[in-house]
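Source file: my_file-v2.tsv (TSV, C-alpha atoms)
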```tsv
chain	number	residue	atom	x	y	z
A	1	ARG	CA	20.72	-3.14	12.30
A	2	ILE	CA	18.21	-1.35	14.53
A	3	ARG	CA	18.75	-0.02	18.04
A	4	ASN	CA	16.38	1.02	20.79
A	5	ASP	CA	17.72	4.17	22.42
A	6	GLY	CA	14.58	4.63	24.48
A	7	ALA	CA	13.72	3.66	28.05
A	8	ILE	CA	11.05	1.07	27.26
A	9	ALA	CA	10.86	-1.97	24.98
A	10	GLY	CA	9.27	-1.49	21.59
A	11	SER	CA	8.68	-3.06	18.21
A	12	GLU	CA	9.71	-1.87	14.77
A	13	ILE	CA	8.56	-3.12	11.38
A	14	VAL	CA	11.54	-3.04	9.05
A	15	GLN	CA	10.36	-2.79	5.44
A	16	CYS	CA	12.18	-3.46	2.18
A	17	TYR	CA	11.06	-1.70	-1.01
A	18	ILE	CA	12.35	-1.79	-4.58
A	19	HIS	CA	12.21	0.82	-7.33
A	20	LYS	CA	12.92	-0.06	-10.97
A	21	GLN	CA	14.86	2.68	-12.72
A	22	GLU	CA	13.61	3.48	-16.23
A	23	SER	CA	11.13	0.62	-16.38
A	24	THR	CA	9.56	-0.02	-19.78
A	25	VAL	CA	6.30	-1.18	-18.19
A	26	PHE	CA	3.95	0.29	-15.64
A	27	ARG	CA	4.84	-0.55	-12.05
A	28	PRO	CA	4.43	1.34	-8.79
A	29	GLU	CA	7.02	3.96	-7.91
A	30	ILE	CA	8.05	1.79	-4.96
A	31	GLU	CA	7.04	-1.80	-4.22
A	32	LEU	CA	7.02	-3.42	-0.79
A	33	LYS	CA	8.75	-6.80	-1.09
A	34	GLU	CA	9.78	-7.93	2.39
A	35	PHE	CA	9.25	-6.89	6.00
A	36	ALA	CA	9.97	-8.12	9.51
A	37	LYS	CA	8.59	-7.09	12.89
A	38	VAL	CA	11.33	-6.93	15.50
A	39	ARG	CA	10.96	-6.36	19.23
A	40	VAL	CA	13.89	-4.53	20.81
A	41	ASN	CA	14.56	-3.97	24.51
A	42	PRO	CA	15.96	-0.67	25.85
A	43	GLY	CA	19.58	-0.20	24.80
A	44	GLU	CA	19.49	-3.36	22.67
A	45	SER	CA	20.58	-3.65	19.02
A	46	LYS	CA	19.39	-6.33	16.62
A	47	ASP	CA	20.43	-7.33	13.13
A	48	VAL	CA	17.55	-7.75	10.68
A	49	VAL	CA	17.97	-9.94	7.60
A	50	LEU	CA	15.55	-9.57	4.68
A	51	THR	CA	16.05	-11.79	1.64
A	52	LEU	CA	15.21	-10.81	-1.94
A	53	ASN	CA	15.30	-13.43	-4.68
A	54	SER	CA	14.35	-13.19	-8.35
A	55	GLU	CA	10.64	-13.39	-7.51
A	56	GLY	CA	10.94	-10.12	-5.62
A	57	PHE	CA	11.89	-8.29	-8.83
A	58	SER	CA	9.47	-10.02	-11.17
A	59	ILE	CA	6.36	-8.66	-12.87
A	60	TYR	CA	3.53	-10.52	-14.56
A	61	ASP	CA	3.83	-10.04	-18.32
A	62	VAL	CA	0.40	-10.17	-19.98
A	63	GLY	CA	2.00	-10.78	-23.38
A	64	TYR	CA	4.10	-13.76	-22.32
A	65	SER	CA	1.52	-14.94	-19.74
A	66	LYS	CA	4.23	-15.53	-17.16
A	67	TRP	CA	6.35	-13.78	-14.53
A	68	VAL	CA	9.51	-12.13	-15.88
A	69	VAL	CA	12.37	-10.09	-14.43
A	70	GLU	CA	13.19	-6.97	-16.42
A	71	PRO	CA	16.96	-6.38	-16.59
A	72	GLY	CA	18.37	-3.07	-15.41
A	73	LEU	CA	19.02	-1.00	-12.29
A	74	TYR	CA	16.93	-1.42	-9.16
A	75	ASP	CA	17.02	0.73	-6.02
A	76	ILE	CA	16.73	-1.26	-2.79
A	77	ARG	CA	15.27	0.88	-0.01
A	78	ILE	CA	14.96	-0.01	3.67
A	79	GLY	CA	12.80	1.98	6.05
A	80	ALA	CA	10.04	2.15	8.62
A	81	SER	CA	7.40	3.07	6.02
A	82	SER	CA	7.06	4.08	2.37
A	83	THR	CA	7.71	7.71	3.36
A	84	ASP	CA	10.48	7.04	5.91
A	85	MET	CA	13.46	5.44	4.15
A	86	ARG	CA	16.68	4.95	6.10
A	87	LEU	CA	18.98	3.00	3.75
A	88	THR	CA	19.24	2.89	-0.05
A	89	THR	CA	21.48	0.99	-2.43
A	90	THR	CA	21.36	0.13	-6.15
A	91	VAL	CA	21.86	-3.25	-7.82
A	92	GLU	CA	22.01	-4.17	-11.48
A	93	LEU	CA	20.30	-7.28	-12.83
A	94	LYS	CA	21.94	-8.18	-16.12
A	95	ASN	CA	20.08	-11.41	-16.82
A	96	GLY	CA	16.40	-11.05	-17.49
A	97	VAL	CA	13.67	-10.77	-20.09
A	98	VAL	CA	12.69	-7.63	-21.97
A	99	PRO	CA	8.93	-7.21	-21.37
A	100	SER	CA	6.62	-7.94	-24.29
A	101	SER	CA	5.09	-5.17	-26.39
A	102	ALA	CA	1.70	-5.95	-24.83
A	103	ALA	CA	3.13	-5.35	-21.36
A	104	GLN	CA	4.83	-2.14	-22.45
A	105	LYS	CA	1.51	-0.77	-23.74
A	106	THR	CA	0.22	-0.74	-20.17
A	107	SER	CA	2.60	2.10	-19.28
A	108	VAL	CA	1.26	5.49	-18.22
A	109	PRO	CA	3.14	8.79	-18.25
A	110	ALA	CA	5.66	8.97	-15.39
A	111	GLN	CA	4.09	12.10	-13.93
A	112	HIS	CA	0.79	10.24	-13.51
A	113	THR	CA	2.37	7.01	-12.27
A	114	SER	CA	4.43	8.42	-9.42
A	115	ALA	CA	1.74	10.86	-8.35
A	116	ARG	CA	-1.06	8.29	-8.35
A	117	VAL	CA	0.87	5.68	-6.38
A	118	PHE	CA	2.13	8.23	-3.84
A	119	GLN	CA	-1.32	9.73	-3.37
A	120	THR	CA	-2.88	6.27	-3.00
A	121	ASP	CA	-0.34	5.35	-0.32
A	122	GLN	CA	-1.04	8.59	1.53
A	123	ARG	CA	-4.81	8.02	1.36
A	124	ARG	CA	-4.42	4.51	2.80
A	125	GLN	CA	-2.53	5.90	5.77
A	126	GLN	CA	-4.98	8.78	6.29
A	127	HIS	CA	-8.14	6.83	5.35
A	128	VAL	CA	-9.12	9.48	2.82
A	129	GLN	CA	-11.41	8.58	-0.07
A	130	VAL	CA	-10.28	9.42	-3.61
A	131	GLY	CA	-12.12	12.10	-5.61
A	132	PRO	CA	-13.66	11.70	-9.09
A	133	LEU	CA	-12.11	8.77	-10.93
A	134	ASP	CA	-10.45	8.95	-14.36
A	135	ARG	CA	-8.52	6.63	-16.68
A	136	ASN	CA	-5.26	7.16	-14.79
A	137	CYS	CA	-6.67	6.16	-11.39
A	138	LEU	CA	-5.56	2.80	-10.02
A	139	LEU	CA	-7.91	-0.12	-9.44
A	140	VAL	CA	-7.29	0.16	-5.71
A	141	ASP	CA	-8.79	3.68	-5.88
A	142	THR	CA	-12.15	2.23	-6.96
A	143	GLN	CA	-12.75	-0.22	-4.12
A	144	HIS	CA	-15.05	2.19	-2.27
A	145	THR	CA	-17.65	1.53	-5.02
A	146	TRP	CA	-19.51	-1.73	-5.56
A	147	LEU	CA	-18.46	-1.80	-9.21
A	148	GLY	CA	-14.83	-1.12	-8.36
A	149	TRP	CA	-14.82	-3.90	-5.77
A	150	GLY	CA	-16.18	-6.24	-8.44
A	151	LEU	CA	-13.57	-5.09	-10.99
A	152	VAL	CA	-10.74	-5.84	-8.55
A	153	ALA	CA	-12.15	-9.30	-7.82
A	154	LEU	CA	-12.70	-10.06	-11.53
A	155	SER	CA	-9.24	-8.79	-12.51
A	156	LYS	CA	-7.59	-10.93	-9.83
A	157	SER	CA	-9.54	-13.96	-10.99
A	158	MET	CA	-8.53	-13.42	-14.63
A	159	ALA	CA	-4.89	-12.85	-13.70
A	160	ALA	CA	-4.85	-16.00	-11.56
A	161	ARG	CA	-6.31	-18.00	-14.45
A	162	GLU	CA	-3.57	-16.70	-16.75
A	163	MET	CA	-0.90	-17.59	-14.21
A	164	ARG	CA	-2.22	-21.12	-13.78
A	165	GLY	CA	-2.22	-21.57	-17.54
A	166	GLY	CA	-5.34	-23.70	-17.46
A	167	SER	CA	-3.82	-26.22	-15.05
A	168	GLY	CA	-6.63	-25.72	-12.55
A	169	GLY	CA	-4.24	-25.91	-9.58
A	170	HIS	CA	-3.84	-23.51	-6.69
A	171	LEU	CA	-1.35	-20.66	-6.65
A	172	ALA	CA	1.30	-20.45	-3.96
A	173	GLU	CA	0.80	-17.81	-1.28
A	174	LYS	CA	3.74	-15.73	-2.55
A	175	ASP	CA	2.21	-15.70	-6.05
A	176	LEU	CA	-1.15	-14.61	-4.64
A	177	LYS	CA	0.50	-11.72	-2.79
A	178	MET	CA	2.31	-10.53	-5.91
A	179	LEU	CA	-0.85	-10.90	-7.97
A	180	ASP	CA	-2.88	-8.87	-5.46
A	181	ALA	CA	-0.32	-6.04	-5.37
A	182	ASN	CA	0.08	-5.90	-9.14
A	183	VAL	CA	-3.64	-6.00	-9.94
A	184	LYS	CA	-4.56	-3.28	-7.46
A	185	ASN	CA	-1.92	-0.96	-8.95
A	186	ILE	CA	-3.21	-1.31	-12.52
A	187	PRO	CA	-4.48	1.98	-14.02
A	188	LEU	CA	-8.09	1.84	-15.18
A	189	ARG	CA	-7.03	2.63	-18.76
A	190	CYS	CA	-5.24	-0.73	-18.88
A	191	LEU	CA	-8.53	-2.64	-18.53
A	192	ALA	CA	-9.02	-2.14	-22.27
A	193	LEU	CA	-5.60	-3.67	-22.97
A	194	PHE	CA	-5.98	-6.60	-20.58
A	195	GLY	CA	-9.48	-7.32	-21.86
A	196	LYS	CA	-8.11	-8.63	-25.17
A	197	GLY	CA	-10.79	-6.82	-27.17
A	198	ARG	CA	-13.68	-7.61	-24.80
A	199	ILE	CA	-13.80	-4.02	-23.55
A	200	SER	CA	-13.06	-0.79	-25.40
A	201	PHE	CA	-11.79	2.51	-24.04
A	202	ARG	CA	-15.33	3.81	-24.49
A	203	GLY	CA	-16.50	0.96	-22.29
A	204	VAL	CA	-13.84	1.85	-19.69
A	205	ASP	CA	-15.08	5.45	-19.71
A	206	ALA	CA	-18.65	4.23	-19.19
A	207	ILE	CA	-17.57	2.14	-16.19
A	208	ILE	CA	-15.72	5.13	-14.75
A	209	ALA	CA	-18.81	7.32	-15.22
A	210	ILE	CA	-20.94	4.81	-13.29
A	211	MET	CA	-18.40	4.64	-10.44
A	212	ASN	CA	-18.51	8.46	-10.34
A	213	GLY	CA	-22.29	8.33	-9.99
A	214	GLN	CA	-23.02	9.51	-13.53
A	215	TYR	CA	-25.50	6.77	-14.39
A	216	TRP	CA	-27.19	8.55	-17.29
A	217	ARG	CA	-24.14	10.03	-18.97
```
Take the structure from the file and write it as C-alpha cells.
Amino acid sequence: RIRNDGAIAGSEIVQCYIHKQESTVFRPEIELKEFAKVRVNPGESKDVVLTLNSEGFSIYDVGYSKWVVEPGLYDIRIGASSTDMRLTTTVELKNGVVPSSAAQKTSVPAQHTSARVFQTDQRRQQHVQVGPLDRNCLLVDTQHTWLGWGLVALSKSMAAREMRGGSGGHLAEKDLKMLDANVKNIPLRCLALFGKGRISFRGVDAIIAIMNGQYWR
C-alpha cells in the first residue's frame, strides 16, 4: 500500500525485484520483474497488486535450450527504484530444474557480478559511459560502440532462434522482455561459451580490444 502525505497529487512507480540466493548460474544481483504506475491524490492511500508467476523466476538455460526455474530461496523486494527498497520477503521454490552444466559455466565470480550490475544500473541513471572494457563487463556496457551494438543485436537474434526451436514463429512479448534483459546482462566472457566453438576466448579479447579502440593490438 502507498500513501500520499503531500499537498498535491502525484504518481509513484512501484517496482518488484527478485534476487536468487546462491544461484548456480550467472544472473543479475537484482532483476526487475513487475512494476505499476499509480497516481495518488493528497491524503489518499492505494493498494498495489503485483503478480509473480513461474515465468518471473525463470532463466534461459543454454544447455537445455529452454526456460527453467532454479529451485531455492528467492528474495522478493518492493521499492521505488533498484536503490530504494521498501519491503523485502523471502520465498522458497522447491519444484524446479537444476541448471545444466553449460549454463553453470557462464557464472562469474560473485564480486564481479554484483559490482558490475550495480555499477551498470548507476551509470544508466547518471548517463555515465563505462571505462575500458574487459571480459567481465556486461553486453549492455558495450552499446556505446558500433561493434557492441551489433553484438547485442546478434546475441538477441541467436537467443530468440534457440527459444523458438526452429519453429519460425514469433515470441510472445513477455518472452522478448525476458530475453532482452538476460542478453544485456551477459558478461563478455560468456560469448565464447554461447558461441558453441565459433568464437574463442582469444577472439573475445580481440573484439574487446577493438571496442576499446585498440585496432592494431
Quiz prompt | Selection: 10 Å around range 57-72 of chain A, all atoms listed in the file, excl. self and same-chain fewer than 5 positions, as a count of residues only | solution = 41
Can you tell me, as an mmCIF file with C-alpha atoms, in the frame of the given file, what residues are no more than 10 Å from Thr51 in chain A when counting only C-alpha atoms, ignoring any on the same chain fewer than 6 positions away?
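Everything below was put into result-v8.cif:
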```
data_model
loop_
_atom_site.group_PDB
_atom_site.id
_atom_site.type_symbol
_atom_site.label_atom_id
_atom_site.label_comp_id
_atom_site.auth_asym_id
_atom_site.auth_seq_id
_atom_site.Cartn_x
_atom_site.Cartn_y
_atom_site.Cartn_z
ATOM 1 C CA CYS A 16 12.180 -3.460 2.180
ATOM 2 C CA LYS A 33 8.750 -6.800 -1.090
ATOM 3 C CA GLU A 34 9.780 -7.930 2.390
ATOM 4 C CA PHE A 35 9.250 -6.890 6.000
#
```
Quiz item: So how many Å separate CA of Arg3 in chain A and CA of Tyr17 in chain A, to one decimal?
Solution: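 Going from CA of Arg3 in chain A over to CA of Tyr17 in chain A covers 20.6 Å.
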Self-check item: d(CA of Ser54 in chain A, CA of Leu139 in chain A) in Å
Solution: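 Separating CA of Ser54 in chain A from CA of Leu139 in chain A is a distance of 25.8 Å.
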Exercise. May I have the residues within 12 Å of Gly6 in chain A as a list in words, using only C-alpha atoms and disregarding those fewer than 4 positions away in the same chain?
Key: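 Those residues are Gly10, Ser11, Val40, Asn41, Pro42, Gly43, Glu44 and Ser45 of chain A.
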Got time to write the residues from that selection, C-alpha atoms, as a PDB file, in the frame of the given file?
```pdb
ATOM      1  CA  GLY A  10       9.270  -1.490  21.590  1.00  0.00           C
ATOM      2  CA  SER A  11       8.680  -3.060  18.210  1.00  0.00           C
ATOM      3  CA  VAL A  40      13.890  -4.530  20.810  1.00  0.00           C
ATOM      4  CA  ASN A  41      14.560  -3.970  24.510  1.00  0.00           C
ATOM      5  CA  PRO A  42      15.960  -0.670  25.850  1.00  0.00           C
ATOM      6  CA  GLY A  43      19.580  -0.200  24.800  1.00  0.00           C
ATOM      7  CA  GLU A  44      19.490  -3.360  22.670  1.00  0.00           C
ATOM      8  CA  SER A  45      20.580  -3.650  19.020  1.00  0.00           C
TER       9      SER A  45
END
```
Self-check item: Length of the CA of Lys156 in chain A to CA of Ala172 in chain A vector [Å]
Solution: 14.3 Å
Quiz item: So which residues touch Val48 in chain A within 9 Å, counting all atoms listed in the file, skipping near sequence neighbours fewer than 3 positions away, as a list of chain:residue names?
Solution: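 The filter keeps A:Arg1, A:Ile2, A:Val14, A:Ala36, A:Val38.
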